[in-house]
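Peer 1: One file is attached below, upload37.txt, containing compact mmCIF, C-alpha atoms and all ligand atoms.
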```txt
# COMPACT_ATOMS: atom_id res chain seq x y z
CA MET U 908 40.16 -158.40 102.97
CA THR U 909 41.32 -156.11 105.78
CA ARG U 910 45.05 -156.32 106.49
CA GLU U 911 46.28 -155.57 110.00
CA ALA U 912 49.44 -153.45 110.19
CA THR U 913 51.25 -151.29 112.72
CA LEU U 914 51.30 -147.53 112.17
CA ILE U 915 53.96 -145.41 113.88
CA ALA U 916 53.69 -141.76 112.80
CA CYS U 917 56.69 -140.78 115.01
CA ASP U 918 58.24 -137.32 115.19
CA GLY U 919 58.56 -133.97 113.41
CA ILE U 920 56.87 -134.09 110.00
CA GLY U 921 55.91 -137.76 110.64
CA PRO U 922 52.25 -137.13 111.58
CA GLU U 923 51.74 -134.78 108.57
CA ILE U 924 53.19 -137.11 105.92
CA THR U 925 51.52 -140.15 107.52
CA ALA U 926 48.06 -138.50 107.47
CA ALA U 927 48.57 -137.60 103.79
CA THR U 928 49.61 -141.19 103.02
CA LEU U 929 46.58 -142.68 104.79
CA ASP U 930 44.29 -140.38 102.75
CA VAL U 931 45.80 -141.71 99.53
CA LEU U 932 45.64 -145.36 100.65
CA GLY U 933 41.96 -144.70 101.46
CA ALA U 934 41.41 -143.34 97.95
CA LEU U 935 42.96 -146.55 96.56
CA GLY U 936 40.15 -148.43 98.27
CA LEU U 937 42.48 -150.62 100.34
CA LYS U 938 41.36 -151.71 103.78
CA PHE U 939 43.91 -151.63 106.57
CA ASP U 940 43.31 -152.16 110.24
CA TRP U 941 46.01 -149.85 111.58
CA ASP U 942 47.31 -150.49 115.08
CA GLU U 943 48.62 -147.03 116.02
CA GLN U 944 51.70 -147.02 118.22
CA TYR U 945 54.31 -144.51 119.38
CA GLY U 946 58.04 -144.25 118.70
CA GLY U 947 60.86 -141.73 119.25
CA MET U 948 60.45 -138.41 121.04
CA THR U 949 56.66 -138.73 120.79
CA ALA U 950 56.89 -142.00 122.71
CA VAL U 951 59.22 -140.44 125.29
CA GLU U 952 56.54 -137.80 125.93
CA LYS U 953 53.65 -140.31 126.01
CA ALA U 954 55.20 -143.41 127.52
CA GLY U 955 58.57 -142.35 129.00
CA THR U 956 60.64 -144.45 126.56
CA PRO U 957 61.52 -144.01 122.86
CA LEU U 958 60.60 -147.60 122.01
CA PRO U 959 57.66 -148.83 124.15
CA ASN U 960 57.03 -152.56 124.54
CA ALA U 961 53.53 -152.02 123.11
CA THR U 962 55.13 -150.88 119.81
CA LEU U 963 57.39 -153.94 119.69
CA ASP U 964 54.50 -156.27 120.59
CA SER U 965 52.36 -154.76 117.84
CA ILE U 966 55.05 -155.33 115.16
CA ARG U 967 55.63 -158.85 116.49
CA ARG U 968 51.93 -159.54 115.95
CA THR U 969 51.29 -157.77 112.63
CA ARG U 970 54.78 -158.36 111.12
CA LEU U 971 54.15 -155.30 108.98
CA ALA U 972 54.61 -151.60 109.79
CA LEU U 973 54.44 -148.21 108.14
CA LYS U 974 56.67 -145.90 110.10
CA GLY U 975 57.38 -142.16 110.13
CA PRO U 976 60.76 -140.58 110.83
CA LEU U 977 62.25 -140.55 114.31
CA THR U 978 64.19 -137.77 115.95
CA THR U 979 67.41 -139.18 117.36
CA PRO U 980 69.52 -137.09 119.74
CA VAL U 981 72.91 -136.37 118.11
CA GLY U 982 76.14 -137.24 119.95
CA GLY U 983 74.47 -138.55 123.14
CA GLY U 984 71.07 -139.38 124.61
CA TYR U 985 69.18 -142.57 123.83
CA ARG U 986 70.31 -145.02 121.16
CA SER U 987 68.73 -144.77 117.68
CA VAL U 988 65.29 -146.40 117.71
CA ASN U 989 65.70 -147.18 114.00
CA VAL U 990 68.84 -149.20 114.70
CA ALA U 991 67.11 -150.90 117.66
CA LEU U 992 64.11 -151.87 115.49
CA ARG U 993 66.37 -153.22 112.74
CA GLN U 994 68.27 -155.35 115.23
CA GLU U 995 65.19 -156.47 117.23
CA PHE U 996 63.40 -157.76 114.12
CA ASP U 997 66.56 -158.70 112.20
CA LEU U 998 65.54 -156.38 109.35
CA TYR U 999 68.68 -157.23 107.43
CA ALA U 1000 67.83 -155.73 104.02
CA ASN U 1001 67.28 -152.02 103.55
CA VAL U 1002 65.94 -151.45 100.04
CA ARG U 1003 66.10 -147.87 98.76
CA PRO U 1004 65.00 -147.19 95.17
CA THR U 1005 65.87 -143.91 93.42
CA LYS U 1006 64.05 -142.97 90.23
CA THR U 1007 63.78 -139.77 88.21
CA ILE U 1008 60.23 -138.43 88.51
CA VAL U 1009 60.61 -134.67 88.15
CA PRO U 1010 61.47 -133.69 84.55
CA GLY U 1011 64.04 -131.04 83.71
CA GLY U 1012 66.56 -132.15 86.33
CA ARG U 1013 70.17 -132.94 85.69
CA TYR U 1014 69.66 -136.69 85.30
CA PRO U 1015 66.57 -137.67 83.28
CA HIS U 1016 66.93 -141.46 83.47
CA VAL U 1017 68.05 -142.49 86.94
CA ASP U 1018 66.46 -145.77 88.00
CA LEU U 1019 68.58 -147.55 90.57
CA VAL U 1020 68.09 -149.43 93.82
CA ILE U 1021 70.51 -149.41 96.73
CA ILE U 1022 70.36 -152.50 98.90
CA ARG U 1023 72.07 -151.84 102.16
CA GLU U 1024 73.02 -154.37 104.82
CA ASN U 1025 71.04 -153.15 107.80
CA THR U 1026 72.18 -154.96 110.95
CA GLU U 1027 75.99 -155.29 110.90
CA GLY U 1028 79.04 -153.18 110.09
CA MET U 1029 79.69 -149.84 111.76
CA TYR U 1030 76.16 -149.62 113.19
CA VAL U 1031 76.36 -152.55 115.61
CA GLY U 1032 76.71 -150.05 118.45
CA LEU U 1033 80.27 -150.83 119.57
CA ASP U 1034 81.16 -147.17 119.85
CA HIS U 1035 83.07 -146.08 122.96
CA VAL U 1036 85.08 -143.26 124.45
CA PHE U 1037 88.04 -143.79 126.79
CA ARG U 1038 89.36 -141.54 129.52
CA VAL U 1039 93.04 -140.58 129.55
CA ALA U 1040 94.13 -138.54 132.56
CA ASP U 1041 91.59 -135.71 132.98
CA ASP U 1042 89.98 -136.04 129.57
CA PRO U 1043 86.98 -138.45 129.67
CA LYS U 1044 86.84 -138.49 125.86
CA ALA U 1045 90.52 -138.55 125.01
CA VAL U 1046 90.09 -141.54 122.70
CA ALA U 1047 87.05 -142.68 120.75
CA GLN U 1048 86.77 -146.10 119.18
CA ALA U 1049 84.15 -147.74 116.98
CA MET U 1050 84.12 -151.35 115.91
CA SER U 1051 82.63 -152.77 112.75
CA VAL U 1052 81.36 -156.34 112.86
CA MET U 1053 80.63 -158.31 109.69
CA THR U 1054 79.78 -161.99 109.50
CA ARG U 1055 80.07 -164.30 106.50
CA ASP U 1056 76.43 -165.32 106.99
CA GLY U 1057 75.34 -161.66 107.11
CA CYS U 1058 77.34 -160.79 103.98
CA MET U 1059 76.09 -163.82 102.03
CA ARG U 1060 72.50 -163.16 103.10
CA ILE U 1061 72.40 -159.53 101.94
CA CYS U 1062 74.24 -160.26 98.68
CA ARG U 1063 71.88 -163.14 97.94
CA TYR U 1064 68.94 -160.84 98.71
CA ALA U 1065 70.29 -158.26 96.23
CA PHE U 1066 70.78 -160.76 93.38
CA GLU U 1067 67.39 -162.36 94.06
CA TYR U 1068 65.78 -158.89 94.13
CA ALA U 1069 67.41 -158.11 90.78
CA LYS U 1070 66.11 -161.35 89.28
CA LYS U 1071 62.55 -160.89 90.59
CA ASN U 1072 62.35 -157.25 89.54
CA GLY U 1073 63.72 -157.53 86.00
CA ARG U 1074 66.99 -155.80 86.85
CA LYS U 1075 70.13 -156.59 84.85
CA LYS U 1076 73.18 -155.87 87.02
CA VAL U 1077 74.31 -155.81 90.66
CA THR U 1078 77.28 -153.66 91.65
CA ILE U 1079 79.02 -154.74 94.86
CA VAL U 1080 80.29 -151.61 96.65
CA HIS U 1081 83.09 -151.97 99.21
CA LYS U 1082 86.32 -150.53 100.64
CA ALA U 1083 88.30 -153.75 100.62
CA ASN U 1084 91.49 -151.93 99.61
CA ILE U 1085 91.67 -150.41 103.10
CA LEU U 1086 89.31 -152.49 105.28
CA LYS U 1087 91.01 -155.76 104.44
CA ALA U 1088 89.02 -157.86 106.93
CA THR U 1089 85.48 -156.50 107.13
CA SER U 1090 84.96 -155.00 103.68
CA ALA U 1091 87.02 -157.75 102.04
CA LEU U 1092 84.70 -160.36 103.57
CA PHE U 1093 81.76 -158.49 102.07
CA LEU U 1094 83.40 -158.33 98.62
CA GLU U 1095 84.41 -161.99 98.72
CA SER U 1096 80.83 -162.96 99.65
CA GLY U 1097 79.38 -160.73 96.92
CA ARG U 1098 81.65 -162.27 94.27
CA ARG U 1099 80.73 -165.76 95.44
CA VAL U 1100 77.00 -165.02 95.16
CA ALA U 1101 77.57 -163.32 91.76
CA LYS U 1102 78.98 -166.64 90.45
CA GLU U 1103 75.71 -168.39 91.39
CA TYR U 1104 73.84 -165.90 89.17
CA GLU U 1105 76.29 -165.93 86.24
CA GLY U 1106 74.40 -165.70 82.95
CA VAL U 1107 71.28 -164.41 84.74
CA ILE U 1108 72.37 -161.21 86.49
CA ALA U 1109 75.52 -159.33 85.50
CA SER U 1110 77.81 -158.11 88.26
CA ASP U 1111 80.74 -155.82 88.89
CA ASP U 1112 82.34 -154.26 91.94
CA LYS U 1113 83.44 -150.75 92.83
CA ILE U 1114 85.23 -149.03 95.69
CA VAL U 1115 82.85 -146.79 97.63
CA ASP U 1116 84.62 -143.46 97.04
CA ASN U 1117 84.70 -144.08 93.30
CA THR U 1118 81.02 -145.08 93.47
CA ALA U 1119 80.14 -141.78 95.20
CA MET U 1120 81.87 -139.90 92.37
CA GLN U 1121 80.39 -142.09 89.61
CA LEU U 1122 76.91 -141.50 91.04
CA VAL U 1123 77.36 -137.80 90.38
CA ILE U 1124 79.08 -138.15 86.99
CA ASN U 1125 76.86 -140.85 85.47
CA PRO U 1126 74.21 -142.30 87.81
CA GLU U 1127 72.38 -143.89 84.88
CA GLN U 1128 75.08 -146.61 84.68
CA PHE U 1129 73.84 -148.13 87.97
CA ASP U 1130 71.07 -150.68 88.31
CA VAL U 1131 71.24 -152.44 91.72
CA ILE U 1132 73.94 -151.56 94.25
CA VAL U 1133 74.57 -153.83 97.23
CA THR U 1134 76.71 -152.51 100.04
CA THR U 1135 77.39 -152.44 103.77
CA ASN U 1136 75.45 -150.49 106.40
CA LEU U 1137 77.33 -147.17 106.66
CA PHE U 1138 78.15 -146.90 102.93
CA GLY U 1139 74.54 -147.68 102.00
CA ASP U 1140 73.22 -145.06 104.41
CA ILE U 1141 75.37 -142.35 102.82
CA LEU U 1142 75.08 -143.43 99.17
CA SER U 1143 71.27 -143.66 99.35
CA ASP U 1144 70.95 -140.05 100.58
CA GLU U 1145 73.36 -139.01 97.82
CA ALA U 1146 71.28 -140.90 95.25
CA SER U 1147 68.06 -139.20 96.41
CA GLY U 1148 69.76 -135.85 95.87
CA LEU U 1149 70.27 -136.74 92.18
CA VAL U 1150 66.52 -136.86 91.55
CA GLY U 1151 65.12 -134.01 93.62
CA GLY U 1152 66.00 -134.76 97.21
CA LEU U 1153 64.85 -136.71 100.22
CA GLY U 1154 61.18 -135.86 99.64
CA LEU U 1155 61.09 -138.53 96.92
CA ALA U 1156 63.10 -141.34 98.51
CA PRO U 1157 61.31 -144.34 100.04
CA GLY U 1158 62.80 -147.31 101.89
CA ALA U 1159 61.90 -150.79 103.05
CA ASN U 1160 63.47 -152.69 105.95
CA ILE U 1161 62.97 -156.36 105.21
CA GLY U 1162 63.47 -159.24 107.64
CA ALA U 1163 62.44 -162.87 107.81
CA THR U 1164 59.71 -162.26 110.40
CA ALA U 1165 58.73 -158.59 109.97
CA SER U 1166 59.11 -155.69 107.54
CA ILE U 1167 58.99 -151.95 108.20
CA PHE U 1168 58.41 -149.36 105.47
CA GLU U 1169 59.44 -145.73 105.81
CA ALA U 1170 60.76 -142.66 104.00
CA VAL U 1171 64.55 -142.35 103.84
CA HIS U 1172 64.44 -138.82 105.26
CA GLY U 1173 64.41 -137.82 108.91
CA SER U 1174 61.94 -135.87 111.02
CA ALA U 1175 62.86 -132.53 109.31
CA PRO U 1176 62.47 -130.40 112.48
CA ASP U 1177 63.11 -127.23 110.41
CA ILE U 1178 59.75 -127.61 108.62
CA ALA U 1179 57.73 -129.70 111.12
CA GLY U 1180 54.22 -128.43 111.83
CA LYS U 1181 54.22 -126.04 108.86
CA GLY U 1182 52.19 -128.31 106.58
CA ILE U 1183 54.74 -127.99 103.75
CA ALA U 1184 56.56 -131.35 103.90
CA ASN U 1185 56.58 -133.47 100.77
CA PRO U 1186 54.68 -136.69 101.61
CA SER U 1187 55.81 -138.46 98.39
CA ALA U 1188 58.58 -140.46 100.05
CA GLN U 1189 56.18 -141.81 102.67
CA MET U 1190 53.58 -142.53 99.98
CA LEU U 1191 56.21 -144.35 97.89
CA ALA U 1192 57.17 -146.33 101.02
CA ALA U 1193 53.50 -147.30 101.35
CA GLY U 1194 53.74 -148.40 97.68
CA MET U 1195 56.65 -150.70 98.63
CA LEU U 1196 54.52 -152.06 101.47
CA LEU U 1197 51.74 -152.81 98.96
CA ASP U 1198 54.21 -154.65 96.67
CA HIS U 1199 55.39 -156.62 99.70
CA ILE U 1200 51.88 -157.84 100.59
CA GLY U 1201 51.07 -158.79 96.99
CA GLU U 1202 49.04 -155.70 96.06
CA GLN U 1203 51.24 -154.86 93.04
CA GLY U 1204 48.31 -153.44 91.07
CA ALA U 1205 47.48 -150.91 93.79
CA ALA U 1206 51.19 -150.12 94.23
CA THR U 1207 51.56 -149.32 90.53
CA ARG U 1208 48.43 -147.11 90.57
CA LEU U 1209 49.81 -145.27 93.59
CA ARG U 1210 53.22 -144.65 91.95
CA GLN U 1211 51.59 -143.51 88.71
CA ALA U 1212 49.26 -141.14 90.60
CA ILE U 1213 52.22 -139.56 92.45
CA GLU U 1214 54.08 -139.11 89.15
CA THR U 1215 51.03 -137.65 87.39
CA ALA U 1216 50.30 -135.22 90.25
CA ILE U 1217 53.91 -133.95 90.10
CA VAL U 1218 54.57 -134.02 86.35
CA LYS U 1219 51.21 -133.42 84.62
CA ASP U 1220 49.22 -131.56 87.29
CA ASN U 1221 52.33 -129.68 88.41
CA ILE U 1222 51.23 -129.87 92.06
CA ARG U 1223 54.54 -129.67 93.91
CA THR U 1224 55.65 -129.00 97.45
CA LYS U 1225 58.32 -126.39 98.18
CA ASP U 1226 61.27 -128.82 98.08
CA LEU U 1227 60.37 -129.50 94.41
CA GLY U 1228 60.06 -125.81 93.57
CA GLY U 1229 56.27 -125.55 94.03
CA SER U 1230 53.97 -123.99 96.60
CA ALA U 1231 51.53 -126.84 97.34
CA SER U 1232 50.97 -127.81 100.95
CA THR U 1233 51.25 -131.42 102.17
CA SER U 1234 47.46 -131.77 102.09
CA ASP U 1235 47.14 -130.09 98.63
CA PHE U 1236 49.53 -132.70 97.29
CA ALA U 1237 47.68 -135.55 99.03
CA ARG U 1238 44.40 -134.38 97.46
CA ALA U 1239 46.04 -134.22 94.01
CA VAL U 1240 47.35 -137.79 94.34
CA ALA U 1241 44.04 -139.06 95.73
CA ARG U 1242 42.24 -137.54 92.70
CA ARG U 1243 44.62 -139.35 90.34
CA VAL U 1244 44.33 -142.80 91.93
P1 LIG S 1301 66.20 -134.77 107.61
O1 LIG S 1301 66.03 -135.81 106.58
O2 LIG S 1301 65.16 -134.73 108.69
O3 LIG S 1301 66.23 -133.33 106.89
C1 LIG S 1301 67.24 -132.95 105.96
C2 LIG S 1301 66.73 -131.79 105.09
O4 LIG S 1301 65.77 -132.32 104.16
C3 LIG S 1301 65.99 -130.72 105.89
O5 LIG S 1301 66.26 -129.47 105.31
C4 LIG S 1301 64.53 -131.08 105.72
O6 LIG S 1301 63.65 -129.97 105.81
C5 LIG S 1301 64.51 -131.68 104.31
N1 LIG S 1301 63.46 -132.71 104.21
C6 LIG S 1301 63.48 -133.95 104.73
N2 LIG S 1301 62.34 -134.58 104.45
C7 LIG S 1301 61.59 -133.74 103.72
C8 LIG S 1301 60.28 -133.82 103.13
N3 LIG S 1301 59.52 -134.93 103.24
N4 LIG S 1301 59.80 -132.74 102.47
C9 LIG S 1301 60.54 -131.63 102.34
N5 LIG S 1301 61.79 -131.49 102.87
C10 LIG S 1301 62.30 -132.53 103.56
O7 LIG S 1301 67.65 -134.96 108.23
P2 LIG S 1301 68.32 -134.29 109.51
O8 LIG S 1301 67.89 -132.86 109.63
O9 LIG S 1301 69.74 -134.64 109.38
O10 LIG S 1301 67.74 -135.12 110.73
C11 LIG S 1301 66.64 -134.71 111.55
C12 LIG S 1301 66.33 -135.82 112.54
O11 LIG S 1301 65.83 -136.96 111.83
C13 LIG S 1301 67.54 -136.30 113.35
O12 LIG S 1301 67.11 -136.52 114.68
C14 LIG S 1301 67.91 -137.63 112.68
O13 LIG S 1301 68.53 -138.53 113.56
C15 LIG S 1301 66.55 -138.13 112.27
N6 LIG S 1301 66.55 -139.12 111.16
C16 LIG S 1301 65.63 -140.12 111.23
C17 LIG S 1301 65.52 -141.01 110.19
C18 LIG S 1301 64.47 -142.10 110.31
O14 LIG S 1301 63.71 -142.13 111.26
N7 LIG S 1301 64.38 -143.02 109.36
C19 LIG S 1301 66.33 -140.90 109.06
C20 LIG S 1301 67.24 -139.84 109.00
C21 LIG S 1301 67.34 -138.94 110.05
```
Write the structure described by the file as structure tokens, please.

Peer 2:
Amino acid sequence: MTREATLIACDGIGPEITAATLDVLGALGLKFDWDEQYGGMTAVEKAGTPLPNATLDSIRRTRLALKGPLTTPVGGGYRSVNVALRQEFDLYANVRPTKTIVPGGRYPHVDLVIIRENTEGMYVGLDHVFRVADDPKAVAQAMSVMTRDGCMRICRYAFEYAKKNGRKKVTIVHKANILKATSALFLESGRRVAKEYEGVIASDDKIVDNTAMQLVINPEQFDVIVTTNLFGDILSDEASGLVGGLGLAPGANIGATASIFEAVHGSAPDIAGKGIANPSAQMLAAGMLLDHIGEQGAATRLRQAIETAIVKDNIRTKDLGGSASTSDFARAVARRV
């Protein structure tokens, strides 16, 4: 059966890693009817807006998208398209697995999943500057908004994810010692959900700064981490660094009506167009998409092929210490699937 899905290659290295991923999906023998749309700077150039209505309409119809990284102007310019997509489709759960693939690294047995609340907290967009006298930016203020429903929903998602995926423990990560309203609401919700899963999924909680340190000292102690938007954004990049960097970190944005799969990394403008980007993260994101649509067998073959290409065939891009190009690596994975 052919599955319709939206494809947004986006900016920077996006088109390179997306082409490599499509080659590998082709080798798996899966049939997708890709509706290609634009997003980010590419869309600004083509359609005059970073998030065209045609892109939104396509996701509304297909409810499934594979997306590349977007370039977002820093400290001004248009609002993040990623944040807009997450809010438009209520993609409340951001699932970011981190697993050791490359042998010989510092941590041989990392296998954890960070589940980040994706629509609330510090990223709701209430971020303002205020003029005082002659200085238009004399004061800057950001507001974090958390709801009980939002906290309960993401914590329930995390415990349910743990149960479905044979995981043993969920760690609730917070800063309730300082943020006594917002983060405390999250912790209270997490503990309440943990009670519902008592005897099925173990649970503990940790303050975010301690978690950041523990991730470096002993990441193998973690199984599933559930946390708020900003903390999850930072901790998931940190976690990817433990196992070889952003080139190996995939992510899923899950909502009730649509889901978008993408690499954790950005558009990597420093290496864009050079043909040296590691497409593994985007391929692993495609693997999460396959799991999501019930193609677990194909997803497992894809993950094994990526691992074999890196570990046994020793075909590695520059970020993993090799000299393979993006397309060399795609060919190696395609051979193995
Ligand atoms: P980045 O992730 O693009 O790059 C960080 C570093 O990692 C760079 O040195 C880059 O070369 C390297 N890197 C990233 N992906 C790689 C890959 N697949 N293979 C090899 N090396 C890789 O982060 P940044 O430089 O902070 O951000 C660049 C742009 O991306 C910004 O506009 C930012 O807003 C955007 N961004 C988008 C997303 C997204 O769309 N999901 C996520 C993060 C950042």

Peer 1: Point out the residue among U:Gln944, U:Thr1054, U:Gln1211, U:Ser1143 with the least atom-to-atom distance to Ala1156 of chain U, counting all atoms listed in the file.

Peer 2: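 Closest to Ala1156 of chain U, using all atoms listed in the file: U:Ser1143.
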
Peer 1: Within 10 Å of (78.2, -148.4, 121.3) (file coordinates; all atoms listed in the file), which protein or nucleic acid residues are there? I'd like them as an NGL selection string.

Peer 2: :U and (986 or 1029-1036 or 1048-1050)

Peer 1: List as JSON, numbers by chain the protein and nucleic acid residues lying within 6 Å of ligand LIG 1301 (chain S), with only C-alpha atoms and all ligand atoms counted.

Peer 2: {"U": [976, 977, 978, 979, 980, 1153, 1154, 1171, 1172, 1173, 1174, 1175, 1177, 1178, 1184, 1185, 1186, 1226]}

Peer 1: Counting all atoms listed in the file, which residues of segment 1076-1175 of chain U sit at most 12 Å from some atom of segment 1218-1225 of chain U, and what is each one's closest atom pair with its distance in Å to one decimal, listed by chain and rising residue number, as a Markdown table?

Peer 2:
```
| residue | atom | partner | partner_atom | distance |
| --- | --- | --- | --- | --- |
| U:Gly1151 | CA | U:Lys1225 | CA | 11.2 |
| U:Gly1152 | CA | U:Lys1225 | CA | 11.4 |
| U:Gly1154 | CA | U:Thr1224 | CA | 9.1 |
| U:Leu1155 | CA | U:Thr1224 | CA | 11.0 |
```

Peer 1: Could you write those residues out with C-alpha atoms, as a tab-separated table (two decimals), in the coordinates of the input?

Peer 2:
```tsv
chain	number	residue	atom	x	y	z
U	1151	GLY	CA	65.12	-134.01	93.62
U	1152	GLY	CA	66.00	-134.76	97.21
U	1154	GLY	CA	61.18	-135.86	99.64
U	1155	LEU	CA	61.09	-138.53	96.92
```

Peer 1: Mind checking which residues fall within 6 Å of segment 1126-1141 of chain U, counting only C-alpha atoms, ignoring those fewer than 6 positions away in the same chain, and posting them as number ranges by chain?

Peer 2: U: 1017, 1019-1025, 1028, 1076-1080

Peer 1: Produce a file of the selected residues containing C-alpha atoms, as a PDB file, keeping the file's coordinate frame.

Peer 2:
```
ATOM      1  CA  VAL U1017      68.050-142.490  86.940  1.00  0.00           C
ATOM      2  CA  LEU U1019      68.580-147.550  90.570  1.00  0.00           C
ATOM      3  CA  VAL U1020      68.090-149.430  93.820  1.00  0.00           C
ATOM      4  CA  ILE U1021      70.510-149.410  96.730  1.00  0.00           C
ATOM      5  CA  ILE U1022      70.360-152.500  98.900  1.00  0.00           C
ATOM      6  CA  ARG U1023      72.070-151.840 102.160  1.00  0.00           C
ATOM      7  CA  GLU U1024      73.020-154.370 104.820  1.00  0.00           C
ATOM      8  CA  ASN U1025      71.040-153.150 107.800  1.00  0.00           C
ATOM      9  CA  GLY U1028      79.040-153.180 110.090  1.00  0.00           C
ATOM     10  CA  LYS U1076      73.180-155.870  87.020  1.00  0.00           C
ATOM     11  CA  VAL U1077      74.310-155.810  90.660  1.00  0.00           C
ATOM     12  CA  THR U1078      77.280-153.660  91.650  1.00  0.00           C
ATOM     13  CA  ILE U1079      79.020-154.740  94.860  1.00  0.00           C
ATOM     14  CA  VAL U1080      80.290-151.610  96.650  1.00  0.00           C
TER      15      VAL U1080
END
```

Peer 1: With N, CA, C and O atoms as the goal, would you fill in the gaps in segment 999-1012 of chain U and present it as a compact mmCIF listing (two decimals), keeping the file's coordinate frame?

Peer 2:
```
# COMPACT_ATOMS: atom_id res chain seq x y z
N TYR U 999 67.31 -157.25 107.95
CA TYR U 999 68.68 -157.23 107.43
C TYR U 999 68.82 -156.50 106.08
O TYR U 999 69.90 -156.10 105.70
N ALA U 1000 67.71 -156.35 105.35
CA ALA U 1000 67.83 -155.73 104.02
C ALA U 1000 67.11 -154.39 103.98
O ALA U 1000 65.91 -154.31 104.23
N ASN U 1001 67.86 -153.35 103.71
CA ASN U 1001 67.28 -152.02 103.55
C ASN U 1001 67.29 -151.70 102.05
O ASN U 1001 68.34 -151.59 101.44
N VAL U 1002 66.09 -151.61 101.50
CA VAL U 1002 65.94 -151.45 100.04
C VAL U 1002 65.54 -150.01 99.76
O VAL U 1002 64.50 -149.54 100.23
N ARG U 1003 66.36 -149.29 99.01
CA ARG U 1003 66.10 -147.87 98.76
C ARG U 1003 66.16 -147.56 97.26
O ARG U 1003 67.24 -147.35 96.70
N PRO U 1004 65.02 -147.52 96.60
CA PRO U 1004 65.00 -147.19 95.17
C PRO U 1004 65.12 -145.68 94.92
O PRO U 1004 64.62 -144.89 95.71
N THR U 1005 65.77 -145.32 93.84
CA THR U 1005 65.87 -143.91 93.42
C THR U 1005 65.51 -143.83 91.95
O THR U 1005 66.14 -144.50 91.12
N LYS U 1006 64.50 -143.03 91.63
CA LYS U 1006 64.05 -142.97 90.23
C LYS U 1006 63.74 -141.52 89.89
O LYS U 1006 63.17 -140.79 90.71
N THR U 1007 64.12 -141.12 88.66
CA THR U 1007 63.78 -139.77 88.21
C THR U 1007 62.27 -139.66 88.03
O THR U 1007 61.67 -140.45 87.31
N ILE U 1008 61.67 -138.69 88.70
CA ILE U 1008 60.23 -138.43 88.51
C ILE U 1008 60.06 -137.02 87.95
O ILE U 1008 59.32 -136.81 86.99
N VAL U 1009 60.79 -136.07 88.55
CA VAL U 1009 60.61 -134.67 88.15
C VAL U 1009 61.40 -134.39 86.87
O VAL U 1009 62.62 -134.60 86.84
N PRO U 1010 60.74 -133.95 85.80
CA PRO U 1010 61.47 -133.69 84.55
C PRO U 1010 62.29 -132.40 84.65
O PRO U 1010 62.04 -131.57 85.52
N GLY U 1011 63.26 -132.28 83.77
CA GLY U 1011 64.04 -131.04 83.71
C GLY U 1011 65.21 -131.02 84.69
O GLY U 1011 65.90 -130.01 84.79
N GLY U 1012 65.42 -132.10 85.40
CA GLY U 1012 66.56 -132.15 86.33
C GLY U 1012 67.82 -132.50 85.58
O GLY U 1012 67.83 -132.62 84.35
```
